[in-house]
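Participant: CSV, C-alpha atoms, saved as model-v1.csv, coming up:
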```
chain,number,residue,atom,x,y,z
Z,899,MET,CA,-226.0,-10.9,-97.3
Z,900,ILE,CA,-223.8,-11.1,-100.5
Z,901,ARG,CA,-225.0,-7.6,-101.7
Z,902,LEU,CA,-224.3,-6.1,-98.3
Z,903,ALA,CA,-220.8,-7.7,-98.2
Z,904,LEU,CA,-220.0,-6.4,-101.7
Z,905,LEU,CA,-221.2,-2.9,-100.7
Z,906,LEU,CA,-218.9,-3.1,-97.7
Z,907,VAL,CA,-216.0,-4.0,-99.9
Z,908,LEU,CA,-216.7,-1.1,-102.3
Z,909,LEU,CA,-217.0,1.4,-99.4
Z,910,CYS,CA,-213.8,0.2,-97.7
Z,911,PHE,CA,-211.8,0.2,-100.9
Z,912,ALA,CA,-213.1,3.7,-101.7
Z,913,SER,CA,-211.9,4.9,-98.3
Z,914,LEU,CA,-208.5,3.3,-98.8
Z,915,VAL,CA,-208.1,4.9,-102.2
Z,916,LYS,CA,-209.1,8.3,-100.8
Z,917,ALA,CA,-206.6,8.0,-98.0
Z,918,GLN,CA,-204.0,6.9,-100.5
Z,919,SER,CA,-204.7,9.9,-102.7
Z,920,GLN,CA,-204.2,12.4,-99.9
Z,921,ALA,CA,-200.7,14.0,-99.5
Z,922,ASP,CA,-198.5,12.2,-97.0
Z,923,THR,CA,-197.3,14.7,-94.4
Z,924,LEU,CA,-193.9,13.1,-94.6
Z,925,LYS,CA,-193.7,13.7,-98.3
Z,926,ASN,CA,-192.1,10.3,-98.4
Z,927,GLU,CA,-192.7,8.0,-101.4
Z,928,ALA,CA,-191.8,4.3,-100.8
Z,929,TYR,CA,-192.0,1.3,-103.1
Z,930,GLY,CA,-191.2,-2.3,-102.5
Z,931,THR,CA,-191.9,-5.8,-103.8
Z,932,PHE,CA,-191.5,-9.2,-102.0
Z,933,PHE,CA,-191.9,-12.9,-102.8
Z,934,PHE,CA,-192.8,-14.8,-99.7
Z,935,MET,CA,-193.8,-18.2,-98.3
Z,936,PRO,CA,-197.0,-18.0,-96.4
Z,937,ILE,CA,-197.6,-20.3,-93.5
Z,938,GLU,CA,-201.3,-20.4,-92.8
Z,939,PHE,CA,-203.1,-21.7,-89.7
Z,940,PRO,CA,-206.8,-22.1,-90.5
Z,941,ILE,CA,-209.5,-22.5,-87.9
Z,942,ILE,CA,-212.4,-24.6,-89.4
Z,943,ASP,CA,-215.6,-26.0,-88.0
Z,944,ASN,CA,-216.1,-29.2,-89.9
Z,945,LYS,CA,-217.9,-31.3,-87.3
Z,946,GLY,CA,-220.9,-32.0,-89.5
Z,947,PHE,CA,-218.8,-33.7,-92.2
Z,948,GLU,CA,-216.8,-35.6,-89.5
Z,949,ASN,CA,-220.0,-37.0,-88.0
Z,950,ALA,CA,-221.2,-38.1,-91.5
Z,951,LEU,CA,-218.0,-40.0,-92.0
Z,952,ASN,CA,-218.4,-41.7,-88.6
Z,953,THR,CA,-222.0,-42.7,-89.4
Z,954,ALA,CA,-220.8,-44.2,-92.7
Z,955,GLY,CA,-218.1,-46.2,-91.0
Z,956,LEU,CA,-215.3,-44.3,-92.7
Z,957,PRO,CA,-212.2,-43.0,-90.9
Z,958,ALA,CA,-212.1,-39.4,-90.0
Z,959,ALA,CA,-209.4,-37.1,-91.3
Z,960,LYS,CA,-208.3,-33.7,-89.9
Z,961,HIS,CA,-207.1,-30.8,-92.1
Z,962,PRO,CA,-203.4,-29.9,-91.6
Z,963,THR,CA,-202.7,-27.5,-88.7
Z,964,ALA,CA,-200.5,-25.4,-90.9
Z,965,SER,CA,-200.4,-25.1,-94.7
Z,966,VAL,CA,-197.7,-23.5,-96.9
Z,967,GLY,CA,-197.6,-22.0,-100.3
Z,968,ILE,CA,-196.3,-19.0,-102.3
Z,969,GLY,CA,-197.2,-15.3,-102.4
Z,970,PHE,CA,-196.3,-11.8,-103.7
Z,971,GLN,CA,-196.6,-8.5,-101.9
Z,972,PHE,CA,-196.1,-5.0,-103.0
Z,973,TYR,CA,-195.8,-1.7,-101.1
Z,974,ALA,CA,-196.6,1.6,-102.6
Z,975,ASN,CA,-197.0,4.8,-100.6
Z,976,ARG,CA,-198.3,3.1,-97.5
Z,977,GLY,CA,-200.6,0.9,-99.6
Z,978,ILE,CA,-200.0,-2.9,-99.2
Z,979,GLY,CA,-201.3,-5.4,-101.6
Z,980,THR,CA,-200.9,-9.2,-101.3
Z,981,ILE,CA,-201.7,-12.3,-103.4
Z,982,SER,CA,-201.1,-15.7,-102.0
Z,983,PHE,CA,-201.9,-19.4,-102.6
Z,984,VAL,CA,-201.5,-22.3,-100.1
Z,985,LYS,CA,-202.1,-26.0,-100.4
Z,986,THR,CA,-201.1,-28.8,-98.0
Z,987,ALA,CA,-202.5,-32.2,-97.2
Z,988,ALA,CA,-202.6,-34.3,-94.0
Z,989,LYS,CA,-202.2,-38.0,-94.8
Z,990,LYS,CA,-202.8,-41.2,-92.7
Z,991,ASP,CA,-201.5,-44.3,-94.3
Z,992,GLU,CA,-202.6,-47.6,-92.6
Z,993,SER,CA,-202.2,-51.2,-93.7
Z,994,THR,CA,-205.7,-51.4,-95.0
Z,995,TYR,CA,-206.6,-47.9,-96.0
Z,996,LEU,CA,-205.3,-44.4,-96.8
Z,997,THR,CA,-207.0,-41.1,-95.9
Z,998,GLU,CA,-206.1,-37.6,-96.9
Z,999,MET,CA,-207.5,-34.2,-96.0
Z,1000,GLU,CA,-206.2,-31.4,-98.1
Z,1001,TYR,CA,-206.6,-27.7,-97.3
Z,1002,ARG,CA,-206.1,-24.9,-99.9
Z,1003,SER,CA,-206.8,-21.2,-100.2
Z,1004,PHE,CA,-206.3,-18.4,-102.6
Z,1005,SER,CA,-206.5,-14.8,-101.5
Z,1006,PHE,CA,-205.9,-11.2,-102.7
Z,1007,ASN,CA,-206.3,-8.2,-100.5
Z,1008,PHE,CA,-205.3,-4.6,-100.0
Z,1009,GLY,CA,-204.4,-2.7,-96.8
Z,1010,TYR,CA,-203.2,0.7,-95.7
Z,1011,ASP,CA,-200.2,1.3,-93.4
Z,1012,LEU,CA,-201.1,3.3,-90.3
Z,1013,THR,CA,-197.4,3.9,-89.3
Z,1014,LYS,CA,-195.1,6.6,-90.5
Z,1015,SER,CA,-192.2,4.3,-91.3
Z,1016,HIS,CA,-192.0,2.1,-94.4
Z,1017,ARG,CA,-189.7,-0.3,-92.5
Z,1018,TYR,CA,-192.4,-1.3,-90.0
Z,1019,SER,CA,-196.1,-1.6,-90.8
Z,1020,LEU,CA,-199.4,-1.9,-88.9
Z,1021,TYR,CA,-202.2,-2.2,-91.4
Z,1022,PRO,CA,-205.9,-3.2,-91.6
Z,1023,TYR,CA,-206.7,-5.0,-94.9
Z,1024,LEU,CA,-209.7,-6.1,-96.9
Z,1025,GLY,CA,-210.0,-8.6,-99.7
Z,1026,LEU,CA,-211.4,-11.8,-101.0
Z,1027,LYS,CA,-210.4,-15.4,-100.0
Z,1028,GLY,CA,-211.4,-18.7,-101.5
Z,1029,ASN,CA,-211.1,-21.7,-99.2
Z,1030,GLY,CA,-211.4,-25.4,-99.9
Z,1031,LEU,CA,-211.1,-28.9,-98.4
Z,1032,SER,CA,-210.7,-32.3,-100.1
Z,1033,TYR,CA,-211.3,-35.6,-98.4
Z,1034,LEU,CA,-209.9,-38.9,-99.9
Z,1035,TYR,CA,-210.4,-42.4,-98.7
Z,1036,ARG,CA,-208.9,-45.4,-100.5
Z,1037,GLU,CA,-209.2,-49.0,-99.3
Z,1038,LYS,CA,-206.1,-51.1,-99.6
Z,1039,LEU,CA,-205.4,-54.9,-99.6
Z,1040,ALA,CA,-203.4,-56.1,-96.7
Z,1041,GLU,CA,-201.5,-58.7,-98.7
Z,1042,PRO,CA,-200.3,-58.6,-102.3
Z,1043,PRO,CA,-202.9,-60.3,-104.4
Z,1044,THR,CA,-202.6,-62.0,-107.8
Z,1045,LEU,CA,-203.7,-60.0,-110.8
Z,1046,GLU,CA,-206.9,-62.0,-111.2
Z,1047,ASP,CA,-207.8,-61.5,-107.5
Z,1048,TYR,CA,-207.1,-57.8,-107.7
Z,1049,LEU,CA,-209.3,-57.3,-110.7
Z,1050,GLN,CA,-212.2,-59.0,-109.0
Z,1051,THR,CA,-211.8,-57.2,-105.7
Z,1052,ASP,CA,-214.3,-54.4,-105.0
Z,1053,LEU,CA,-212.2,-51.8,-103.1
Z,1054,LYS,CA,-213.9,-48.7,-101.6
Z,1055,TYR,CA,-212.8,-45.3,-102.9
Z,1056,LYS,CA,-214.3,-41.9,-101.8
Z,1057,GLU,CA,-213.2,-38.5,-102.9
Z,1058,ILE,CA,-215.2,-35.4,-101.9
Z,1059,HIS,CA,-214.4,-31.6,-102.3
Z,1060,ASN,CA,-215.6,-28.5,-100.5
Z,1061,SER,CA,-215.2,-24.9,-101.5
Z,1062,ARG,CA,-216.4,-21.5,-100.3
Z,1063,ALA,CA,-215.7,-17.8,-101.1
Z,1064,HIS,CA,-215.3,-15.3,-98.3
Z,1065,LEU,CA,-214.8,-11.6,-97.6
Z,1066,ASP,CA,-211.5,-11.4,-95.9
Z,1067,LEU,CA,-211.1,-8.8,-93.0
Z,1068,GLY,CA,-207.9,-8.7,-91.1
Z,1069,VAL,CA,-205.0,-6.8,-89.6
Z,1070,GLY,CA,-201.3,-7.3,-90.3
Z,1071,LEU,CA,-198.0,-6.4,-88.5
Z,1072,SER,CA,-194.8,-6.5,-90.6
Z,1073,THR,CA,-191.2,-5.5,-90.9
Z,1074,GLN,CA,-189.6,-5.2,-94.4
Z,1075,TRP,CA,-186.0,-4.5,-95.5
Z,1076,PHE,CA,-184.4,-6.8,-97.9
Z,1077,TYR,CA,-186.5,-9.4,-96.1
Z,1078,LEU,CA,-190.2,-9.6,-95.1
Z,1079,VAL,CA,-191.7,-10.9,-91.9
Z,1080,ASN,CA,-195.4,-10.4,-91.8
Z,1081,ALA,CA,-197.9,-11.7,-89.2
Z,1082,ARG,CA,-201.6,-11.5,-90.0
Z,1083,VAL,CA,-204.9,-12.5,-88.5
Z,1084,GLY,CA,-208.1,-12.5,-90.6
Z,1085,TYR,CA,-211.8,-13.1,-90.1
Z,1086,LEU,CA,-213.8,-14.7,-92.9
Z,1087,LEU,CA,-217.4,-13.7,-93.8
Z,1088,PRO,CA,-219.0,-16.2,-96.2
Z,1089,LEU,CA,-220.2,-14.9,-99.6
Z,1090,GLU,CA,-221.8,-18.2,-100.7
Z,1091,LYS,CA,-223.1,-21.5,-99.3
Z,1092,SER,CA,-220.6,-24.2,-98.4
Z,1093,ARG,CA,-220.7,-26.8,-101.2
Z,1094,TRP,CA,-219.5,-30.5,-101.3
Z,1095,THR,CA,-218.9,-31.9,-104.8
Z,1096,ILE,CA,-217.9,-35.2,-106.4
Z,1097,ASN,CA,-216.8,-35.9,-109.9
Z,1098,ASP,CA,-215.5,-32.3,-110.2
Z,1099,ASP,CA,-218.9,-30.7,-110.6
Z,1100,MET,CA,-221.7,-32.8,-109.1
Z,1101,HIS,CA,-223.0,-31.1,-106.0
Z,1102,LEU,CA,-224.2,-33.2,-103.0
Z,1103,PRO,CA,-227.5,-31.7,-101.6
Z,1104,HIS,CA,-228.2,-31.4,-97.9
Z,1105,ALA,CA,-224.5,-32.1,-97.0
Z,1106,PRO,CA,-223.3,-30.5,-93.7
Z,1107,GLY,CA,-221.4,-27.3,-94.4
Z,1108,ALA,CA,-217.8,-26.5,-93.4
Z,1109,ARG,CA,-217.4,-23.2,-91.6
Z,1110,TYR,CA,-214.1,-21.4,-92.3
Z,1111,LYS,CA,-214.0,-19.0,-89.3
Z,1112,PHE,CA,-210.7,-17.2,-89.2
Z,1113,TYR,CA,-207.0,-17.8,-89.7
Z,1114,PHE,CA,-203.5,-16.8,-88.6
Z,1115,SER,CA,-200.6,-16.5,-91.1
Z,1116,LEU,CA,-196.9,-15.8,-91.1
Z,1117,ASN,CA,-195.4,-14.6,-94.4
Z,1118,ILE,CA,-191.6,-14.9,-94.7
Z,1119,GLY,CA,-189.9,-13.6,-97.9
Z,1120,LEU,CA,-187.2,-11.7,-99.7
Z,1121,GLY,CA,-187.3,-8.6,-101.8
Z,1122,GLY,CA,-186.6,-4.9,-101.3
Z,1123,ILE,CA,-188.1,-1.6,-100.5
Z,1124,TYR,CA,-187.1,1.9,-101.7
Z,1125,SER,CA,-187.8,5.3,-100.1
Z,1126,ASN,CA,-187.1,8.6,-101.8
Z,1127,GLN,CA,-186.7,10.1,-98.3
Z,1128,GLU,CA,-183.7,7.9,-97.6
Z,1129,GLU,CA,-182.3,8.7,-101.0
Z,1130,ARG,CA,-182.6,12.5,-100.2
Z,1131,ARG,CA,-180.6,11.9,-97.1
Z,1132,ARG,CA,-177.9,10.1,-99.0
Z,1133,ASN,CA,-177.9,12.8,-101.7
Z,1134,PRO,CA,-179.1,16.2,-100.5
Z,1135,TYR,CA,-179.1,17.6,-104.1
Z,1136,ILE,CA,-182.1,15.4,-105.0
Z,1137,HIS,CA,-185.4,17.1,-104.6
```
How does the structure come out when it is put into structure tokens?

Facilitator:
Amino acid sequence: MIRLALLLVLLCFASLVKAQSQADTLKNEAYGTFFFMPIEFPIIDNKGFENALNTAGLPAAKHPTASVGIGFQFYANRGIGTISFVKTAAKKDESTYLTEMEYRSFSFNFGYDLTKSHRYSLYPYLGLKGNGLSYLYREKLAEPPTLEDYLQTDLKYKEIHNSRAHLDLGVGLSTQWFYLVNARVGYLLPLEKSRWTINDDMHLPHAPGARYKFYFSLNIGLGGIYSNQEERRRNPYIH
């Protein structure tokens, strides 16, 4: 499965590079860069882990509906490259316990603009995306104890992390001027098994996996884009 996915990546990137190398019928070179804030809406099947929490008598926690972060996008002759990172946690603070479910992702991908205008883009893209979840449970005392009582109290504490690498296949629709508004939807193909770990590197065997299925994202940012075609219109003496 992993070899097939990697072969697919290489073939798709080769096709994009070939398309990029061909002369544009518009003879229009365009370059742009943008820094943006990604707002990501992940769709995750995590029922197995939620059932395990219920069996253990621990409160469930849902990952945040939307996560935010930071990203960078460049535009070069209809090629669109993006790097982004998001990280957000959903917390529930009760009188006797605290739960937290954090979602994070890091991705980089490359797409090719199918339109003939660098101001508006419709592009398929391909890349790699790492996704992760972290569950935290911390028991609290309802009343302030003395120091001696606190030191002798056995409070429950659980912290578990999940991670998985994916092949990221998607399509984006954007408009870019001095600003960027970019809507994307992506489907995730796993490149490895879903792993739950504790103590940073100790894997938990036979743990139910988390399935990261697909996502929606909205990238909003600032930057600029330059086209030599527009420059020729302003200055006809430029060739």

Participant: Would you mind listing what lies within 8 Å of Ile968 of chain Z as a PyMOL selection string, with only C-alpha atoms counted and same-chain residues fewer than 6 positions away left out?

Facilitator: chain Z and resi 933-936+982-984

Participant: For Leu1089 of chain Z, which residue out of Z:Asp1047, Z:Val1069, Z:Tyr1035, Z:Asn1029 is the nearest one, using all atoms listed in the file?

Facilitator: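 Of Z:Asp1047, Z:Val1069, Z:Tyr1035, Z:Asn1029, the one nearest Leu1089 of chain Z is Z:Asn1029, counting all atoms listed in the file.
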
Participant: Record the distance separating atom CA of Ile1096 of chain Z and atom CA of Gly1030 of chain Z, expressed in Å with one decimal.

Facilitator: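 Taking atom CA of Ile1096 of chain Z as the start and atom CA of Gly1030 of chain Z as the end point, the length is 13.4 Å.
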
Participant: List the neighbours of His1064 of chain Z out to 12 Å using only C-alpha atoms; skip same-chain residues closer than 5 positions along the sequence, and give me the result as a ChimeraX atom specification.

Facilitator: /Z:899-900,903-904,907,1003-1007,1024-1030,1084-1092,1109-1112

Participant: What's the 10 Å shell around Tyr1021 of chain Z, counting only C-alpha atoms, without same-chain residues fewer than 5 positions away, as an MDAnalysis selection string?

Facilitator: chainID Z and resid 976:978 1008:1013 1068:1072 1082

Participant: Please produce a file of the residues just selected, as a tab-separated table (two decimals), in the coordinates of the input, where the atoms kept are C-alpha atoms.

Facilitator:
```tsv
chain	number	residue	atom	x	y	z
Z	976	ARG	CA	-198.30	3.10	-97.50
Z	977	GLY	CA	-200.60	0.90	-99.60
Z	978	ILE	CA	-200.00	-2.90	-99.20
Z	1008	PHE	CA	-205.30	-4.60	-100.00
Z	1009	GLY	CA	-204.40	-2.70	-96.80
Z	1010	TYR	CA	-203.20	0.70	-95.70
Z	1011	ASP	CA	-200.20	1.30	-93.40
Z	1012	LEU	CA	-201.10	3.30	-90.30
Z	1013	THR	CA	-197.40	3.90	-89.30
Z	1068	GLY	CA	-207.90	-8.70	-91.10
Z	1069	VAL	CA	-205.00	-6.80	-89.60
Z	1070	GLY	CA	-201.30	-7.30	-90.30
Z	1071	LEU	CA	-198.00	-6.40	-88.50
Z	1072	SER	CA	-194.80	-6.50	-90.60
Z	1082	ARG	CA	-201.60	-11.50	-90.00
```

Participant: May I have the residues within 10 Å of Asp943 of chain Z as a PyMOL selection string, using all atoms listed in the file and disregarding those fewer than 2 positions away in the same chain?

Facilitator: chain Z and resi 940-941+945-948+1107-1111

Participant: I need the residue nearest Met1100 of chain Z from this list: Z:His1059, Z:Gly979, Z:Val966, Z:Pro1022. Use only C-alpha atoms for the distance.

Facilitator: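 Among Z:His1059, Z:Gly979, Z:Val966, Z:Pro1022, it is Z:His1059 that comes nearest to Met1100 of chain Z.
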
Participant: For each of Z:Gln971, Z:Asn1080, Z:Thr986, Z:Asn944, take the minimum atom-to-atom distance to Met999 of chain Z, counting all atoms listed in the file, then give the residue where this is smallest.

Facilitator: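 Checking each of Z:Gln971, Z:Asn1080, Z:Thr986, Z:Asn944 against Met999 of chain Z, counting all atoms listed in the file, the winner is Z:Thr986.
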
Participant: Residues near Tyr1055 of chain Z, anyone? I mean within 12 Å using all atoms listed in the file, not counting same-chain ones fewer than 5 positions away, as a ChimeraX atom specification.

Facilitator: /Z:956,995-998,1033-1038,1096

Participant: With all atoms listed in the file as the basis for distance, which of Z:Ala954, Z:Leu1078, Z:Asn1117, Z:Arg1093 is at the shortest distance from Ala1063 of chain Z?

Facilitator: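 Using all atoms listed in the file, Ala1063 of chain Z sits closest to Z:Arg1093.
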